[in-house]
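Scroll down for the structure; my scribbles are underneath it.
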Amino acid sequence: MTPEMLALARKNAAKLGARNVEFRKGTIEELPLEDGSVDIVISNCVINLSPDKPKVFREAFRVLRPGGRLVVSDIVLEKALPPKLKADPGLYAACIAGALLRKDYLKAVREAGFKKLELLSDHFYAPGAASVTLLALKPRA
Ligand SMILES: C[S@@+](CC[C@H](N)C(=O)[O-])C[C@H]1O[C@@H](n2cnc3c(N)ncnc32)[C@H](O)[C@@H]1O
């Protein structure tokens, strides 16, 4: 998302001698990728920070090829946060204040077009919040 992140990623790839990776600048709401061009979308603890999560899932669906997989780890809430906590920037940065309710998160994934949702892991993260890993498929046709 930022030039600093790209510079660090490229430096680390060079250090490792990794030649089969490519880093592109963009946001998860507008991926710099062609329609149907990737096999898998992975993400760890980023989507809760997006101001438009349904758009993120629509975008992941767009770039995946038919039969492609979405595997995301993220924070979900079990119950709505009080307004004061919801507005707390520290809690937003801690991946809690921006998180969706679990049911709304799964709804947004389904509404983007994904099928066969499966929770691969589901752990306590903080009171009222869970860390989940979700697998979902883009149908073949
Ligand atoms: C909690 S960190 C997780 C980083 C990494 N995925 C990991 O597992 O170590 C959240 C990252 O999401 C990035 N981020 C936040 N909003 C984003 C957006 N809209 N598009 C792309 N990246 C975003 C932040 O810059 C930060 O690097």
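Please note that chains go A, B, ... in the order of the structure tokens, that every chain numbers its residues from 1, and that ligands are numbered from 1 in the order shown.
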Distance filter 6 Å around ligand 1, atoms: only C-alpha atoms and all ligand atoms, out as a list in words: Met1, Thr27, Ile28, Ser43, Asn44, Cys45, Val46, Leu49 and Ser50 of chain A
Given the selection you just returned, output its residues as a file containing C-alpha atoms, formatted as a PDB file, in the first residue's frame.
```pdb
ATOM      1  CA  MET A   1       0.000   0.000   0.000  1.00  0.00           C
ATOM      2  CA  THR A  27      -5.019  -1.184  -1.875  1.00  0.00           C
ATOM      3  CA  ILE A  28      -7.236  -4.138  -1.113  1.00  0.00           C
ATOM      4  CA  SER A  43      -4.699 -12.021   3.601  1.00  0.00           C
ATOM      5  CA  ASN A  44      -3.788 -11.875   7.270  1.00  0.00           C
ATOM      6  CA  CYS A  45      -5.343  -9.279   9.543  1.00  0.00           C
ATOM      7  CA  VAL A  46      -5.869  -6.523   6.971  1.00  0.00           C
ATOM      8  CA  LEU A  49      -8.816  -2.159   8.692  1.00  0.00           C
ATOM      9  CA  SER A  50     -10.642  -1.430   5.430  1.00  0.00           C
TER      10      SER A  50
END
```
Tell me which protein, DNA and RNA residues are within 10 Å of Ala141 of chain A, counting only C-alpha atoms, leaving out same-chain ones fewer than 3 positions away, and put them as a ChimeraX atom specification. /A:66-67,138
Print the selection's residues with N, CA and C atoms to a file, as a CSV table (one decimal), in the first residue's frame.
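As a result, selection_13.csv now contains:
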```csv
chain,number,residue,atom,x,y,z
A,66,PRO,N,-12.1,-18.6,-12.0
A,66,PRO,CA,-13.2,-19.5,-11.6
A,66,PRO,C,-12.5,-20.8,-10.9
A,67,GLY,N,-13.0,-21.1,-9.8
A,67,GLY,CA,-12.4,-22.3,-9.0
A,67,GLY,C,-11.3,-21.8,-8.1
A,138,LYS,N,-14.5,-19.4,-5.3
A,138,LYS,CA,-15.2,-18.8,-6.4
A,138,LYS,C,-15.7,-19.9,-7.3
```
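Atom CA of Asp52 of chain A is found 12.4 Å from atom CA of Asp104 of chain A.
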Leaving out Ala80 of chain A and any residue of its chain fewer than 6 positions from it, which residues lie within 10 Å of it when counting only C-alpha atoms, given as a list in words? Lys86, Ala97, Ala99, Leu100, Leu101, Arg102, Gly128 and Ala129 of chain A
Residues from last step as file, N, CA and C atoms, as a PDB file, in the first residue's frame:
```pdb
ATOM      1  N   LYS A  86     -15.813   1.845  19.641  1.00  0.00           N
ATOM      2  CA  LYS A  86     -15.819   1.825  18.170  1.00  0.00           C
ATOM      3  C   LYS A  86     -15.023   3.024  17.611  1.00  0.00           C
ATOM      4  N   ALA A  97     -11.605  -2.293  16.592  1.00  0.00           N
ATOM      5  CA  ALA A  97     -12.701  -1.329  16.382  1.00  0.00           C
ATOM      6  C   ALA A  97     -13.237  -1.350  14.950  1.00  0.00           C
ATOM      7  N   ALA A  99     -13.387  -4.087  13.084  1.00  0.00           N
ATOM      8  CA  ALA A  99     -13.851  -5.435  12.720  1.00  0.00           C
ATOM      9  C   ALA A  99     -15.372  -5.484  12.599  1.00  0.00           C
ATOM     10  N   LEU A 100     -15.824  -6.361  11.700  1.00  0.00           N
ATOM     11  CA  LEU A 100     -17.269  -6.573  11.524  1.00  0.00           C
ATOM     12  C   LEU A 100     -17.760  -7.634  12.499  1.00  0.00           C
ATOM     13  N   LEU A 101     -19.062  -7.614  12.733  1.00  0.00           N
ATOM     14  CA  LEU A 101     -19.673  -8.739  13.434  1.00  0.00           C
ATOM     15  C   LEU A 101     -19.466  -9.993  12.582  1.00  0.00           C
ATOM     16  N   ARG A 102     -19.275 -11.127  13.230  1.00  0.00           N
ATOM     17  CA  ARG A 102     -19.036 -12.382  12.507  1.00  0.00           C
ATOM     18  C   ARG A 102     -20.078 -12.622  11.416  1.00  0.00           C
ATOM     19  N   GLY A 128     -14.931 -10.642  23.400  1.00  0.00           N
ATOM     20  CA  GLY A 128     -15.911 -10.276  22.365  1.00  0.00           C
ATOM     21  C   GLY A 128     -15.371 -10.291  20.952  1.00  0.00           C
ATOM     22  N   ALA A 129     -14.124 -10.729  20.782  1.00  0.00           N
ATOM     23  CA  ALA A 129     -13.539 -10.753  19.433  1.00  0.00           C
ATOM     24  C   ALA A 129     -12.804 -12.077  19.201  1.00  0.00           C
TER      25      ALA A 129
END
```
Between atom CA of Arg65 of chain A and atom CA of Leu137 of chain A, what distance in Å does the model show, to one decimal? 10.0 Å
Need to verify the contact set: Ile42 of chain A, 7 Å, only C-alpha atoms, exclusion of same-chain residues closer than 3 positions in sequence. Can you return it as a VMD selection string? chain A and resid 70 to 72
Please produce a file of those selected residues containing C-alpha atoms, as a CSV table (one decimal), in the first residue's frame.
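And here is the file that came out, selection_4.csv:
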```csv
chain,number,residue,atom,x,y,z
A,70,LEU,CA,-9.9,-17.0,-0.9
A,71,VAL,CA,-8.1,-17.8,2.4
A,72,VAL,CA,-8.2,-15.0,4.9
```
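Shortest separation to Val63 of chain A among A:Ile75, A:Ala112, A:Leu16, A:Ala130 occurs at residue A:Ala112, atoms counted being only C-alpha atoms.
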Write down as JSON, numbers by chain the residues belonging to chain A that are assigned strand (DSSP E or B) by DSSP computed on the backbone. {"A": [27, 30, 38, 39, 40, 41, 42, 43, 44, 64, 65, 66, 67, 68, 69, 70, 71, 72, 73, 74, 75, 76, 77, 101, 115, 116, 117, 118, 119, 120, 121, 122, 123, 124, 125, 126, 129, 130, 131, 132, 133, 134, 135, 136, 137]}
If you run DSSP over the backbone, which residues in segment 48-91 of chain A end up helix (DSSP H, G or I)? Put them as a count of residues only. 20
List as a list in words the protein and nucleic acid residues near Ser37 of chain A, meaning an atom at most 12 Å away when only C-alpha atoms are counted, but skip any in the same chain fewer than 4 places from it. Leu31, Pro32, Leu33, Val41, Glu59, Ala60, Phe61, Arg62, Val63, Leu64, Arg65, Pro66, Gly67 and Gly68 of chain A
Which residues are near Leu134 of chain A? Cut-off 7 Å, only C-alpha atoms, ignore same chain within fewer than 6 positions. Put them as a list in words.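 Contacts, with the query itself left out: Val71, Val72, Ser73, Leu117, Glu118, Leu119 and Leu120 of chain A.
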